[in-house]
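To start, the structure itself, in structure tokens.
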Amino acid sequence: MKRINILLLAILLSGIYIQAQNNKVWSLKECIDYAGENNLDIKMREVNVDIQKIALNTSENQRLPNLSGSASHSYSFGRSASGYDNTYQDRNSHSTNWSFSTNIPIFTGFRISNEIAASKLDLQAVAAELDKAHEDMEINITSSYLQILYYKELLNIAGRQVDLTAQQLDRIKKMHETGRASEAQIYEIAAQLANDKLSVVQAASDLQTATLLLTQLLELPSPEGFDVEEPDENVDFILPRRPEAIFDNALLSRASIRVEELKLKSREKSILVAKSQYYPVLSFGASYSNNYYFINGFDNISFATQLKNNRNEYFGFTLNIPIFNRFATRNSVRTAKLHKTLQKLQLEYAKKTLYKEIQQAYYNSVTSEEKYKSAEIACKSALKAFDYMEEKLNNGRATMYEYNDAKTNMTRALSNRTQAKYDFIFRKKILEFYEKK
């Protein structure tokens, strides 16, 4: 069976059938850009930014005067006391009242200005969390993208093993026809061919799973027709700077650190907001009210005259001085200070986590580079050993066991080299990601 037929069979068995008319080859940059526009987690965080913008606007508007109005109309029936002769009389009346009032904060113990400052910092923190979501998404997509490339290469390796075993089966059958091989050898190689085909199916299944995970990150409806660009075969083993230098740069550029720093500054403003309750509060208030009444059976003053005579106007200043509120202000300040302490620890934790991630990525890259170089040497030796063993088998100077052992060693060497290569590429991309400004 030809290699292309084996691969197609594995793809069909694993549920990956790509229609030619729907094929689209995605680059890593296209995946990252597309996810940035369509990923639901990103969209939800964008909504959070809009919500915080509204919260900031609410804080800023606290300086504006408020204005409220009210109106009422009432009817009165039955006997009521007379204010003139202290007798009761039947009297029906109705009246209308309306008023307007306003209040303007003048001094609030700097509460409003500190709340505005805290809201601005909170808005910047939410925006930084959005940037962090983009960064995390970029790492996740890069990892999934490289996983697809890794499993594609493993699938190719498994397909080559099927080709080799199928070719060997054809040779053994011809040798059996001339009496140079036994029927048992045919069954032995046929069993090996079946195992190799099973490896192809497993590799195709792994590729399908990796493809599905990436398309889910991209919020695509289906993995069908999805494919990624093949990378450059040449691997650049030049690493970025040492972890310490990368960390110094990451402290200034990574959103995860910026989020915690902004939250810490917001906590500092929250302490000032809590302390504002110690200060007196001065406000200006004004109001206007008027009313009209009408009593049945009496000569009533005209509406225009009542409107002129019944008006009531007021303006004044109110000073509210806090004296004792059951230690509520003191405890609010203490709580705000503890939140600041907790946030300082959170910032320190974020820095240490970042440094550990950079350290791990760097030293894993170094290890992966050494593994790749060793695997490359082992791979070349395994390929030569297999070619030599295949020639010996064809000349009748090696057993099937020796041949399969050489083929297994070659397959393992190819897989180890592939794994080390993509592990190094991923670790290096993480370091490059932390190097970005």
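Here's how to read the names in the structure tokens: chain A, B, ... by the order shown, residue numbers from 1 in each chain, ligand numbers from 1 in the order shown.
The list of residues with at least one atom within 10 Å of range 289-300 of chain A, based on only C-alpha atoms and without residues fewer than 6 positions apart in the same chain, reads Gly69, Ser70, Ala71, Ser72, His73, Ser74, Tyr75, Ser76, Asp90, Arg91, Asn92, Ser93, His94, Ser95, Thr96, Asn97, Trp98, Ser99, Phe100, Ser101, Gln306, Leu307, Lys308, Asn309, Asn310, Arg311, Asn312, Glu313 and Tyr314 of chain A.
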Q: Extract, using only C-alpha atoms, all DNA, RNA and protein residues at most 10 Å from Gln360 in chain A, discarding same-chain residues fewer than 6 positions from it, and format them as a list in words.
A: Pro243, Leu354, Val366, Arg427 and Leu431 of chain A
Could you turn the residues from that selection into a file that holds all heavy atoms, as a PDB file, in the first residue's frame?
```
ATOM      1  N   PRO A 243      18.305  34.877  32.031  1.00  0.00           N
ATOM      2  CA  PRO A 243      17.011  35.088  32.679  1.00  0.00           C
ATOM      3  C   PRO A 243      16.920  36.406  33.448  1.00  0.00           C
ATOM      4  O   PRO A 243      15.871  37.048  33.461  1.00  0.00           O
ATOM      5  CB  PRO A 243      16.908  33.889  33.627  1.00  0.00           C
ATOM      6  CG  PRO A 243      17.759  32.839  33.020  1.00  0.00           C
ATOM      7  CD  PRO A 243      18.876  33.563  32.348  1.00  0.00           C
ATOM      8  N   LEU A 354       6.635  35.296  37.755  1.00  0.00           N
ATOM      9  CA  LEU A 354       7.180  35.664  36.449  1.00  0.00           C
ATOM     10  C   LEU A 354       8.632  35.240  36.328  1.00  0.00           C
ATOM     11  O   LEU A 354       9.044  34.683  35.294  1.00  0.00           O
ATOM     12  CB  LEU A 354       7.043  37.172  36.245  1.00  0.00           C
ATOM     13  CG  LEU A 354       7.647  37.745  34.955  1.00  0.00           C
ATOM     14  CD1 LEU A 354       6.932  37.175  33.729  1.00  0.00           C
ATOM     15  CD2 LEU A 354       7.569  39.269  34.958  1.00  0.00           C
ATOM     16  N   VAL A 366      17.666  25.424  27.213  1.00  0.00           N
ATOM     17  CA  VAL A 366      19.045  24.911  27.174  1.00  0.00           C
ATOM     18  C   VAL A 366      19.040  23.389  27.141  1.00  0.00           C
ATOM     19  O   VAL A 366      19.765  22.750  26.355  1.00  0.00           O
ATOM     20  CB  VAL A 366      19.846  25.432  28.385  1.00  0.00           C
ATOM     21  CG1 VAL A 366      21.222  24.770  28.447  1.00  0.00           C
ATOM     22  CG2 VAL A 366      19.996  26.947  28.316  1.00  0.00           C
ATOM     23  N   ARG A 427       9.858  26.775  24.035  1.00  0.00           N
ATOM     24  CA  ARG A 427      10.517  27.485  25.141  1.00  0.00           C
ATOM     25  C   ARG A 427      11.174  28.766  24.647  1.00  0.00           C
ATOM     26  O   ARG A 427      11.136  29.792  25.336  1.00  0.00           O
ATOM     27  CB  ARG A 427      11.580  26.585  25.782  1.00  0.00           C
ATOM     28  CG  ARG A 427      11.078  25.250  26.269  1.00  0.00           C
ATOM     29  CD  ARG A 427      10.043  25.390  27.364  1.00  0.00           C
ATOM     30  NE  ARG A 427       9.505  24.084  27.753  1.00  0.00           N
ATOM     31  CZ  ARG A 427       8.555  23.915  28.641  1.00  0.00           C
ATOM     32  NH1 ARG A 427       8.015  24.955  29.237  1.00  0.00           N
ATOM     33  NH2 ARG A 427       8.104  22.715  28.936  1.00  0.00           N
ATOM     34  N   LEU A 431      10.496  32.824  25.737  1.00  0.00           N
ATOM     35  CA  LEU A 431      11.525  33.804  26.085  1.00  0.00           C
ATOM     36  C   LEU A 431      11.426  35.032  25.180  1.00  0.00           C
ATOM     37  O   LEU A 431      11.563  36.178  25.645  1.00  0.00           O
ATOM     38  CB  LEU A 431      12.910  33.165  25.968  1.00  0.00           C
ATOM     39  CG  LEU A 431      13.210  32.053  26.971  1.00  0.00           C
ATOM     40  CD1 LEU A 431      14.573  31.427  26.676  1.00  0.00           C
ATOM     41  CD2 LEU A 431      13.186  32.585  28.405  1.00  0.00           C
TER      42      LEU A 431
END
```
(Q) For a test of reading the model, state the distance in Å between CA of Asn394 in chain A and CA of Leu154 in chain A, rounded to one decimal. (A) 27.2 Å
Using only C-alpha atoms, which protein or nucleic acid residues come within 12 Å of Ser113 in chain A? Drop anything in the same chain fewer than 3 positions from it, and give the result as a PDB file with C-alpha atoms, in the first residue's frame.
```
ATOM      1  CA  LEU A  56     -15.199  56.285  36.457  1.00  0.00           C
ATOM      2  CA  SER A  59     -17.195  59.022  40.281  1.00  0.00           C
ATOM      3  CA  GLU A  60     -16.409  62.149  38.274  1.00  0.00           C
ATOM      4  CA  ASN A  61     -20.050  63.254  38.278  1.00  0.00           C
ATOM      5  CA  GLN A  62     -20.183  63.348  42.083  1.00  0.00           C
ATOM      6  CA  ARG A  63     -18.926  66.949  41.898  1.00  0.00           C
ATOM      7  CA  PRO A 105     -20.931  69.239  47.695  1.00  0.00           C
ATOM      8  CA  ILE A 106     -18.275  71.795  48.613  1.00  0.00           C
ATOM      9  CA  PHE A 107     -15.850  69.844  50.802  1.00  0.00           C
ATOM     10  CA  THR A 108     -16.040  66.094  51.430  1.00  0.00           C
ATOM     11  CA  GLY A 109     -12.710  65.425  53.083  1.00  0.00           C
ATOM     12  CA  PHE A 110     -11.111  64.826  49.662  1.00  0.00           C
ATOM     13  CA  ILE A 116     -11.964  59.533  41.055  1.00  0.00           C
ATOM     14  CA  ALA A 117      -8.239  58.750  41.264  1.00  0.00           C
ATOM     15  CA  ALA A 118      -8.999  55.190  42.443  1.00  0.00           C
ATOM     16  CA  SER A 119     -11.526  54.696  39.611  1.00  0.00           C
ATOM     17  CA  LYS A 120      -8.954  55.845  37.045  1.00  0.00           C
ATOM     18  CA  LYS A 269      -6.268  55.735  47.191  1.00  0.00           C
ATOM     19  CA  SER A 270      -8.832  53.578  48.975  1.00  0.00           C
ATOM     20  CA  LEU A 272      -7.461  58.044  51.616  1.00  0.00           C
ATOM     21  CA  VAL A 273     -11.128  57.525  50.773  1.00  0.00           C
ATOM     22  CA  SER A 276     -12.048  61.158  54.414  1.00  0.00           C
TER      23      SER A 276
END
```
(Q) Among range 266-360 of chain A, which residues does DSSP mark as strand (DSSP E) when it is run on the backbone? Keep the chain and numbering as in the structure and answer as a VMD selection string. (A) chain A and resid 281 to 295 312 to 320
Q) Using only C-alpha atoms, which residue out of A:Thr58, A:Lys43, A:Leu319, A:Ala204 lies closest to Leu149 in chain A? A)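 That would be A:Ala204, the residue with the smallest distance to Leu149 in chain A.
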Q: Could you pull out the residues in range 258-370 of chain A that DSSP calls helix (DSSP H, G or I) from the backbone, as JSON, numbers by chain?
A: {"A": [258, 259, 260, 261, 262, 263, 264, 265, 266, 267, 268, 269, 270, 271, 272, 273, 274, 275, 276, 277, 278, 303, 304, 305, 306, 307, 308, 309, 328, 329, 330, 331, 332, 333, 334, 335, 336, 337, 338, 339, 340, 341, 342, 343, 344, 345, 346, 347, 348, 349, 350, 351, 352, 353, 354, 355, 356, 357, 358, 359, 360, 361, 362, 363, 364, 365, 366, 367, 368, 369, 370]}
With 10 Å as the cut-off and only C-alpha atoms counted, what is the closest atom pair between each nearby residue of range 150-216 of chain A and range 416-426 of chain A? Distances in Å to one decimal, ordered by chain and number, as JSON lines.
```
{"residue": "A:Tyr150", "atom": "CA", "partner": "A:Tyr422", "partner_atom": "CA", "distance": 6.5}
{"residue": "A:Tyr151", "atom": "CA", "partner": "A:Thr418", "partner_atom": "CA", "distance": 9.2}
{"residue": "A:Glu153", "atom": "CA", "partner": "A:Thr418", "partner_atom": "CA", "distance": 7.3}
{"residue": "A:Leu154", "atom": "CA", "partner": "A:Thr418", "partner_atom": "CA", "distance": 7.5}
{"residue": "A:Ile157", "atom": "CA", "partner": "A:Thr418", "partner_atom": "CA", "distance": 9.6}
```
Could you take the residues named above and write them with all heavy atoms, as a PDB file, in the first residue's frame?
```pdb
ATOM      1  N   TYR A 150       3.964  19.320  15.735  1.00  0.00           N
ATOM      2  CA  TYR A 150       4.636  18.155  16.319  1.00  0.00           C
ATOM      3  C   TYR A 150       3.929  16.865  15.926  1.00  0.00           C
ATOM      4  O   TYR A 150       4.575  15.899  15.464  1.00  0.00           O
ATOM      5  CB  TYR A 150       4.671  18.325  17.841  1.00  0.00           C
ATOM      6  CG  TYR A 150       5.110  17.100  18.597  1.00  0.00           C
ATOM      7  CD1 TYR A 150       6.382  16.566  18.433  1.00  0.00           C
ATOM      8  CD2 TYR A 150       4.251  16.471  19.493  1.00  0.00           C
ATOM      9  CE1 TYR A 150       6.784  15.435  19.147  1.00  0.00           C
ATOM     10  CE2 TYR A 150       4.634  15.351  20.198  1.00  0.00           C
ATOM     11  CZ  TYR A 150       5.906  14.831  20.021  1.00  0.00           C
ATOM     12  OH  TYR A 150       6.295  13.712  20.709  1.00  0.00           O
ATOM     13  N   TYR A 151       2.604  16.842  16.061  1.00  0.00           N
ATOM     14  CA  TYR A 151       1.875  15.615  15.735  1.00  0.00           C
ATOM     15  C   TYR A 151       1.832  15.364  14.228  1.00  0.00           C
ATOM     16  O   TYR A 151       1.756  14.209  13.796  1.00  0.00           O
ATOM     17  CB  TYR A 151       0.462  15.680  16.310  1.00  0.00           C
ATOM     18  CG  TYR A 151       0.419  15.468  17.804  1.00  0.00           C
ATOM     19  CD1 TYR A 151      -0.114  16.438  18.650  1.00  0.00           C
ATOM     20  CD2 TYR A 151       0.937  14.309  18.367  1.00  0.00           C
ATOM     21  CE1 TYR A 151      -0.148  16.241  20.024  1.00  0.00           C
ATOM     22  CE2 TYR A 151       0.911  14.113  19.741  1.00  0.00           C
ATOM     23  CZ  TYR A 151       0.371  15.082  20.561  1.00  0.00           C
ATOM     24  OH  TYR A 151       0.354  14.882  21.921  1.00  0.00           O
ATOM     25  N   GLU A 153       4.350  15.944  12.283  1.00  0.00           N
ATOM     26  CA  GLU A 153       5.634  15.309  11.990  1.00  0.00           C
ATOM     27  C   GLU A 153       5.667  13.869  12.479  1.00  0.00           C
ATOM     28  O   GLU A 153       6.216  12.986  11.812  1.00  0.00           O
ATOM     29  CB  GLU A 153       6.760  16.128  12.641  1.00  0.00           C
ATOM     30  CG  GLU A 153       8.137  15.790  12.085  1.00  0.00           C
ATOM     31  CD  GLU A 153       9.158  16.891  12.309  1.00  0.00           C
ATOM     32  OE1 GLU A 153       8.778  18.077  12.323  1.00  0.00           O
ATOM     33  OE2 GLU A 153      10.349  16.545  12.468  1.00  0.00           O
ATOM     34  N   LEU A 154       5.050  13.624  13.659  1.00  0.00           N
ATOM     35  CA  LEU A 154       4.970  12.242  14.140  1.00  0.00           C
ATOM     36  C   LEU A 154       4.137  11.386  13.200  1.00  0.00           C
ATOM     37  O   LEU A 154       4.436  10.203  12.981  1.00  0.00           O
ATOM     38  CB  LEU A 154       4.366  12.208  15.547  1.00  0.00           C
ATOM     39  CG  LEU A 154       5.225  12.715  16.698  1.00  0.00           C
ATOM     40  CD1 LEU A 154       4.511  12.465  18.023  1.00  0.00           C
ATOM     41  CD2 LEU A 154       6.597  12.028  16.716  1.00  0.00           C
ATOM     42  N   ILE A 157       6.311  10.464  10.364  1.00  0.00           N
ATOM     43  CA  ILE A 157       7.260   9.416  10.754  1.00  0.00           C
ATOM     44  C   ILE A 157       6.563   8.060  10.769  1.00  0.00           C
ATOM     45  O   ILE A 157       7.085   7.055  10.252  1.00  0.00           O
ATOM     46  CB  ILE A 157       7.861   9.732  12.137  1.00  0.00           C
ATOM     47  CG1 ILE A 157       8.764  10.964  12.048  1.00  0.00           C
ATOM     48  CG2 ILE A 157       8.656   8.541  12.660  1.00  0.00           C
ATOM     49  CD1 ILE A 157       9.258  11.459  13.395  1.00  0.00           C
TER      50      ILE A 157
END
```
